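*Asks:* You'll find my_file-v2.cif just under this line, and it carries mmCIF, C-alpha atoms.
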```cif
data_my_file
loop_
_atom_site.label_atom_id
_atom_site.label_comp_id
_atom_site.auth_asym_id
_atom_site.auth_seq_id
_atom_site.Cartn_x
_atom_site.Cartn_y
_atom_site.Cartn_z
CA ILE A 1 21.03 34.41 45.03
CA SER A 2 23.31 36.73 43.06
CA ASP A 3 22.56 34.73 39.87
CA ILE A 4 18.84 35.03 40.55
CA GLU A 5 19.18 38.78 41.14
CA VAL A 6 21.13 39.27 37.89
CA ILE A 7 18.56 37.31 35.87
CA ASN A 8 15.65 39.12 37.51
CA LEU A 9 17.31 42.49 36.88
CA GLU A 10 17.62 41.67 33.16
CA LEU A 11 13.99 40.52 33.04
CA MET A 12 12.84 43.67 34.85
CA MET A 13 14.79 45.90 32.44
CA ALA A 14 13.22 44.14 29.44
CA ASP A 15 9.73 44.53 30.98
CA LEU A 16 10.39 48.17 31.85
CA GLN A 17 11.28 48.84 28.22
CA THR A 18 8.09 47.07 27.04
CA VAL A 19 5.85 48.96 29.49
CA THR A 20 7.37 52.40 28.85
CA LYS A 21 7.05 51.85 25.10
CA ARG A 22 3.35 50.99 25.57
CA LEU A 23 2.89 54.02 27.80
CA SER A 24 4.24 56.29 25.07
CA THR A 25 1.91 54.80 22.43
CA ILE A 26 -1.17 55.09 24.63
CA GLU A 27 -0.83 58.84 25.23
CA LYS A 28 -2.82 59.78 22.12
CA GLU A 29 -5.77 57.64 23.24
CA VAL A 30 -5.60 59.10 26.77
CA ARG A 31 -5.79 62.64 25.36
CA ARG A 32 -8.94 61.62 23.47
CA ALA A 33 -10.41 60.58 26.87
CA ASP A 34 -10.65 56.91 25.89
CA LYS A 35 -11.81 55.27 29.17
CA GLU A 36 -9.99 51.96 28.55
CA ALA A 37 -6.77 53.77 27.70
CA ILE A 38 -6.98 55.83 30.89
CA VAL A 39 -7.41 52.68 33.01
CA LEU A 40 -4.61 50.90 31.13
CA LYS A 41 -2.29 53.88 31.68
CA SER A 42 -2.94 53.68 35.40
CA VAL A 43 -2.15 49.93 35.42
CA LEU A 44 1.02 50.47 33.37
CA GLU A 45 2.16 53.18 35.78
CA LYS A 46 1.71 50.76 38.73
CA VAL A 47 3.89 48.22 36.93
CA VAL A 48 6.54 50.83 36.08
CA SER A 49 6.66 51.83 39.74
CA MET A 50 7.20 48.17 40.80
CA LEU A 51 9.90 47.56 38.19
CA GLU A 52 11.74 50.79 39.02
CA SER A 53 11.75 49.86 42.70
CA GLY A 54 13.50 46.57 41.87
CA LYS A 55 10.47 44.30 42.19
CA LEU A 56 8.89 41.95 39.68
CA ALA A 57 5.67 42.95 37.93
CA GLN A 58 3.93 39.96 39.54
CA ASP A 59 4.49 41.66 42.93
CA ALA A 60 2.22 44.57 41.96
CA SER A 61 -1.18 44.41 43.62
CA LEU A 62 -3.34 44.13 40.53
CA SER A 63 -6.89 42.90 40.17
CA LYS A 64 -7.72 40.00 37.87
CA GLU A 65 -9.06 42.49 35.30
CA GLU A 66 -5.89 44.60 35.47
CA LYS A 67 -3.73 41.51 34.95
CA GLU A 68 -5.87 40.61 31.95
CA MET A 69 -5.22 44.07 30.47
CA LEU A 70 -1.47 43.37 30.63
CA ARG A 71 -1.71 39.95 29.00
CA ASP A 72 -0.94 41.22 25.47
CA LEU A 73 2.35 42.71 26.69
CA HIS A 74 3.68 39.24 27.64
CA LEU A 75 5.68 40.63 30.55
CA LEU A 76 8.43 38.24 31.61
CA THR A 77 8.23 39.16 35.30
CA MET A 78 4.49 38.36 35.38
CA LYS A 79 5.15 34.71 34.54
CA PRO A 80 5.49 31.97 37.17
CA ILE A 81 9.10 31.27 38.17
CA LEU A 82 10.73 27.92 38.95
CA TYR A 83 14.42 27.72 39.81
CA ALA A 84 16.45 24.61 38.90
CA PHE A 85 19.58 24.25 41.03
CA ASN A 86 22.39 22.11 39.65
CA ARG A 87 23.85 20.21 42.64
CA LYS A 88 26.64 17.64 42.47
CA ALA A 89 25.50 14.16 43.54
CA GLY A 90 26.40 13.48 47.16
CA ALA A 91 26.82 17.19 47.96
CA GLN A 92 24.79 18.87 50.65
CA ASN A 93 21.31 20.02 49.73
CA VAL A 94 21.08 23.56 48.46
CA GLN A 95 20.26 25.98 51.28
CA VAL A 96 17.63 28.15 49.61
CA PRO A 97 17.35 31.48 51.40
CA GLN A 98 14.26 33.61 51.53
CA PHE A 99 13.99 35.60 48.33
CA ARG A 100 11.50 38.43 47.79
CA GLY A 101 9.91 37.59 51.15
CA SER A 102 9.31 33.87 50.55
CA THR A 103 11.08 30.66 49.67
CA PRO A 104 11.11 30.39 45.87
CA LYS A 105 9.73 27.34 44.07
CA TYR A 106 12.71 25.19 43.09
CA VAL A 107 14.04 21.74 42.27
CA GLU A 108 17.59 20.49 42.61
CA PHE A 109 19.44 17.73 40.77
CA ASP A 110 22.80 16.87 39.22
CA ALA A 111 22.49 17.86 35.57
CA LYS A 112 25.62 15.93 34.57
CA ILE A 113 24.27 12.64 35.96
CA GLU A 114 20.84 13.29 34.44
CA ASP A 115 22.53 13.78 31.08
CA GLU A 116 24.49 10.53 31.48
CA LEU A 117 21.33 8.58 32.45
CA LYS A 118 19.04 9.96 29.74
CA ASP A 119 19.64 6.99 27.42
CA PHE A 120 18.81 4.33 30.03
CA GLU A 121 15.39 3.04 31.09
CA GLY A 122 13.80 0.71 33.61
CA GLU A 123 15.96 -1.60 35.74
CA GLU A 124 19.15 -0.47 34.02
CA LYS A 125 18.50 3.15 34.99
CA ILE A 126 17.71 2.17 38.59
CA MET A 127 20.92 0.13 38.79
CA PHE A 128 23.06 3.03 37.50
CA ARG A 129 21.34 5.44 39.90
CA LYS A 130 22.34 3.13 42.78
CA GLU A 131 25.93 2.96 41.56
CA LEU A 132 26.12 6.75 41.23
CA ASP A 133 24.52 7.21 44.68
CA VAL A 134 21.57 9.21 43.31
CA GLU A 135 18.71 6.92 44.21
CA GLY A 136 15.22 8.30 44.27
CA SER A 137 13.38 10.46 41.82
CA ASP A 138 14.76 11.23 38.43
CA GLY A 139 15.84 14.91 38.41
CA ILE A 140 14.15 15.55 35.09
CA ASP A 141 10.93 14.04 36.45
CA LEU A 142 11.18 16.37 39.45
CA LEU A 143 11.59 19.34 37.11
CA ILE A 144 8.63 18.29 34.96
CA ARG A 145 6.37 17.66 37.97
CA ALA A 146 7.28 20.98 39.57
CA SER A 147 6.67 22.77 36.26
CA TYR A 148 3.27 21.14 35.80
CA GLU A 149 2.31 22.01 39.39
CA LEU A 150 3.43 25.63 38.99
CA LEU A 151 1.47 26.00 35.75
CA GLY A 152 -1.62 24.19 37.06
CA LEU A 153 -1.37 21.34 34.56
CA ILE A 154 -1.98 17.59 34.76
CA THR A 155 -1.62 14.68 32.36
CA PHE A 156 -4.31 12.21 31.37
CA PHE A 157 -3.89 9.14 29.21
CA THR A 158 -5.96 7.61 26.46
CA THR A 159 -5.56 3.99 25.51
CA GLY A 160 -6.70 2.20 22.40
CA GLU A 161 -5.83 -1.07 20.70
CA LYS A 162 -2.79 0.42 18.94
CA GLU A 163 -1.40 3.03 21.34
CA THR A 164 -1.50 4.80 24.68
CA ARG A 165 -1.03 8.58 24.59
CA ALA A 166 -0.52 11.29 27.20
CA TRP A 167 -2.36 14.61 26.99
CA THR A 168 -1.70 17.79 28.96
CA ILE A 169 -4.68 19.70 30.35
CA ARG A 170 -5.42 22.32 33.01
CA GLU A 171 -5.90 20.92 36.50
CA GLY A 172 -9.59 20.76 37.39
CA SER A 173 -10.75 20.30 33.79
CA SER A 174 -13.92 18.30 33.30
CA ALA A 175 -13.88 15.12 31.18
CA PRO A 176 -15.42 16.94 28.17
CA GLN A 177 -12.81 19.73 28.47
CA ALA A 178 -10.08 17.09 28.64
CA GLY A 179 -11.51 15.51 25.50
CA ALA A 180 -11.03 18.83 23.69
CA ALA A 181 -7.26 18.35 24.07
CA ILE A 182 -7.64 15.38 21.73
CA HIS A 183 -10.09 16.96 19.28
CA GLY A 184 -12.52 19.90 19.52
CA ASP A 185 -15.48 17.69 18.61
CA PHE A 186 -14.82 15.49 21.65
CA GLU A 187 -15.92 18.31 23.94
CA ASP A 188 -19.06 19.17 21.98
CA LYS A 189 -20.17 15.57 21.40
CA PHE A 190 -18.94 14.08 24.68
CA ILE A 191 -20.71 10.87 25.73
CA ARG A 192 -18.75 9.33 28.59
CA ALA A 193 -15.30 8.50 29.98
CA ASP A 194 -14.25 5.06 31.20
CA ILE A 195 -11.75 5.28 34.02
CA ILE A 196 -9.31 2.41 34.51
#
```
Using structure tokens, write down the structure that the file contains.
*Replies:*
Amino acid sequence: ISDIEVINLELMMADLQTVTKRLSTIEKEVRRADKEAIVLKSVLEKVVSMLESGKLAQDASLSKEEKEMLRDLHLLTMKPILYAFNRKAGAQNVQVPQFRGSTPKYVEFDAKIEDELKDFEGEEKIMFRKELDVEGSDGIDLLIRASYELLGLITFFTTGEKETRAWTIREGSSAPQAGAAIHGDFEDKFIRADII
């Protein structure tokens, strides 16, 4: 938890600097009574208040439109967070305490073993996992799956005579939208998808 707090503090300080800098540059527009600038100033002030109180910007109660206004600032504490806990094989599971009022999204695995197994595949990898007493899911696979889930992404595959490829798309995308991941024309001139 102390590591998480230190990292979050650094992220909050970086965001606070970004937001206060933007607040200082928007003042001229606010004095000219620019309606968008006035609304943006109000949103920025909400975020400053959250950051100064030791909370992440994502904890601010902002509407979808207000969040969109902040998009260009690329605030670090507005981004989804996934914690990866490095746990020695055979050790007890990490006891993840409540943090910021909820249990954080996390995965745990032994990074050293994952590094040692990265060059193996198939049966050989399964055999070594058994020997090292880390049967079950590959830690890197767990990390990738959790990341995809957090970001709302899925993978779909295309297969032809020469190759099979994986494509990353937003969860809930239609077949034509998925086709756009391959080539923009595939969305516009979509005919059909064969599912196997």
*Asks:* Figure out the distance between CA of Phe156 in chain A and CA of Glu124 in chain A, please, to one decimal in Å.
*Replies:*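 That distance, rounded to one decimal, is 26.8 Å.
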*Asks:* Can you turn the PyMOL selection byres ((chain A and resi 179) around 12) into a concrete residue list for this file, as a PDB file with C-alpha atoms, keeping the file's coordinate frame?
*Replies:*
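Saved as out-v8.pdb:
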```pdb
ATOM      1  CA  PHE A 156      -4.310  12.210  31.370  1.00  0.00           C
ATOM      2  CA  PHE A 157      -3.890   9.140  29.210  1.00  0.00           C
ATOM      3  CA  THR A 158      -5.960   7.610  26.460  1.00  0.00           C
ATOM      4  CA  ALA A 166      -0.520  11.290  27.200  1.00  0.00           C
ATOM      5  CA  TRP A 167      -2.360  14.610  26.990  1.00  0.00           C
ATOM      6  CA  THR A 168      -1.700  17.790  28.960  1.00  0.00           C
ATOM      7  CA  ILE A 169      -4.680  19.700  30.350  1.00  0.00           C
ATOM      8  CA  ARG A 170      -5.420  22.320  33.010  1.00  0.00           C
ATOM      9  CA  SER A 173     -10.750  20.300  33.790  1.00  0.00           C
ATOM     10  CA  SER A 174     -13.920  18.300  33.300  1.00  0.00           C
ATOM     11  CA  ALA A 175     -13.880  15.120  31.180  1.00  0.00           C
ATOM     12  CA  PRO A 176     -15.420  16.940  28.170  1.00  0.00           C
ATOM     13  CA  GLN A 177     -12.810  19.730  28.470  1.00  0.00           C
ATOM     14  CA  ALA A 178     -10.080  17.090  28.640  1.00  0.00           C
ATOM     15  CA  ALA A 180     -11.030  18.830  23.690  1.00  0.00           C
ATOM     16  CA  ALA A 181      -7.260  18.350  24.070  1.00  0.00           C
ATOM     17  CA  ILE A 182      -7.640  15.380  21.730  1.00  0.00           C
ATOM     18  CA  HIS A 183     -10.090  16.960  19.280  1.00  0.00           C
ATOM     19  CA  GLY A 184     -12.520  19.900  19.520  1.00  0.00           C
ATOM     20  CA  ASP A 185     -15.480  17.690  18.610  1.00  0.00           C
ATOM     21  CA  PHE A 186     -14.820  15.490  21.650  1.00  0.00           C
ATOM     22  CA  GLU A 187     -15.920  18.310  23.940  1.00  0.00           C
ATOM     23  CA  ASP A 188     -19.060  19.170  21.980  1.00  0.00           C
ATOM     24  CA  LYS A 189     -20.170  15.570  21.400  1.00  0.00           C
ATOM     25  CA  PHE A 190     -18.940  14.080  24.680  1.00  0.00           C
ATOM     26  CA  ILE A 191     -20.710  10.870  25.730  1.00  0.00           C
ATOM     27  CA  ARG A 192     -18.750   9.330  28.590  1.00  0.00           C
ATOM     28  CA  ALA A 193     -15.300   8.500  29.980  1.00  0.00           C
TER      29      ALA A 193
END
```
*Asks:* Nearest to Ala146 in chain A: which of A:Glu108, A:Asp3, A:Glu161, A:Glu52 is it, counting only C-alpha atoms?
*Replies:*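 Closest candidate: A:Glu108.
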*Asks:* Could you give me, as a VMD selection string, the residues within 12 Å of range 65-76 of chain A, counting all atoms listed in the file and dropping anything in the same chain fewer than 4 positions from it?
*Replies:* chain A and resid 7 to 23 36 to 48 51 56 to 61 80 to 81
*Asks:* Using all atoms of range 138-154 of chain A that appear in the file, construct an axis-aligned enclosing box with 6 Å of padding on every side and provide its centre coordinates and edge lengths in Å, rounded to one decimal, as AutoDock Vina command-line options.
*Replies:*
```
--center_x 6.9 --center_y 18.6 --center_z 37.1 --size_x 29.8 --size_y 26.8 --size_z 17.0
```
*Asks:* Hey, can you check how far CA of Ala84 in chain A sits from CA of Val107 in chain A?
*Replies:*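 Between these atoms lies a distance of 5.0 Å.
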*Asks:* Can you tell me how far CA of Ser147 in chain A sits from CA of Leu82 in chain A, in Å to one decimal?
*Replies:*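 For CA of Ser147 in chain A relative to CA of Leu82 in chain A, the distance reads 7.1 Å.
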*Asks:* My list of candidates is A:Leu117, A:Lys35, A:Lys55, A:Leu150. Which is closest to Lys79 in chain A when distances are computed with all atoms listed in the file?
*Replies:*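 So, comparing all the options, the nearest one is A:Leu150.
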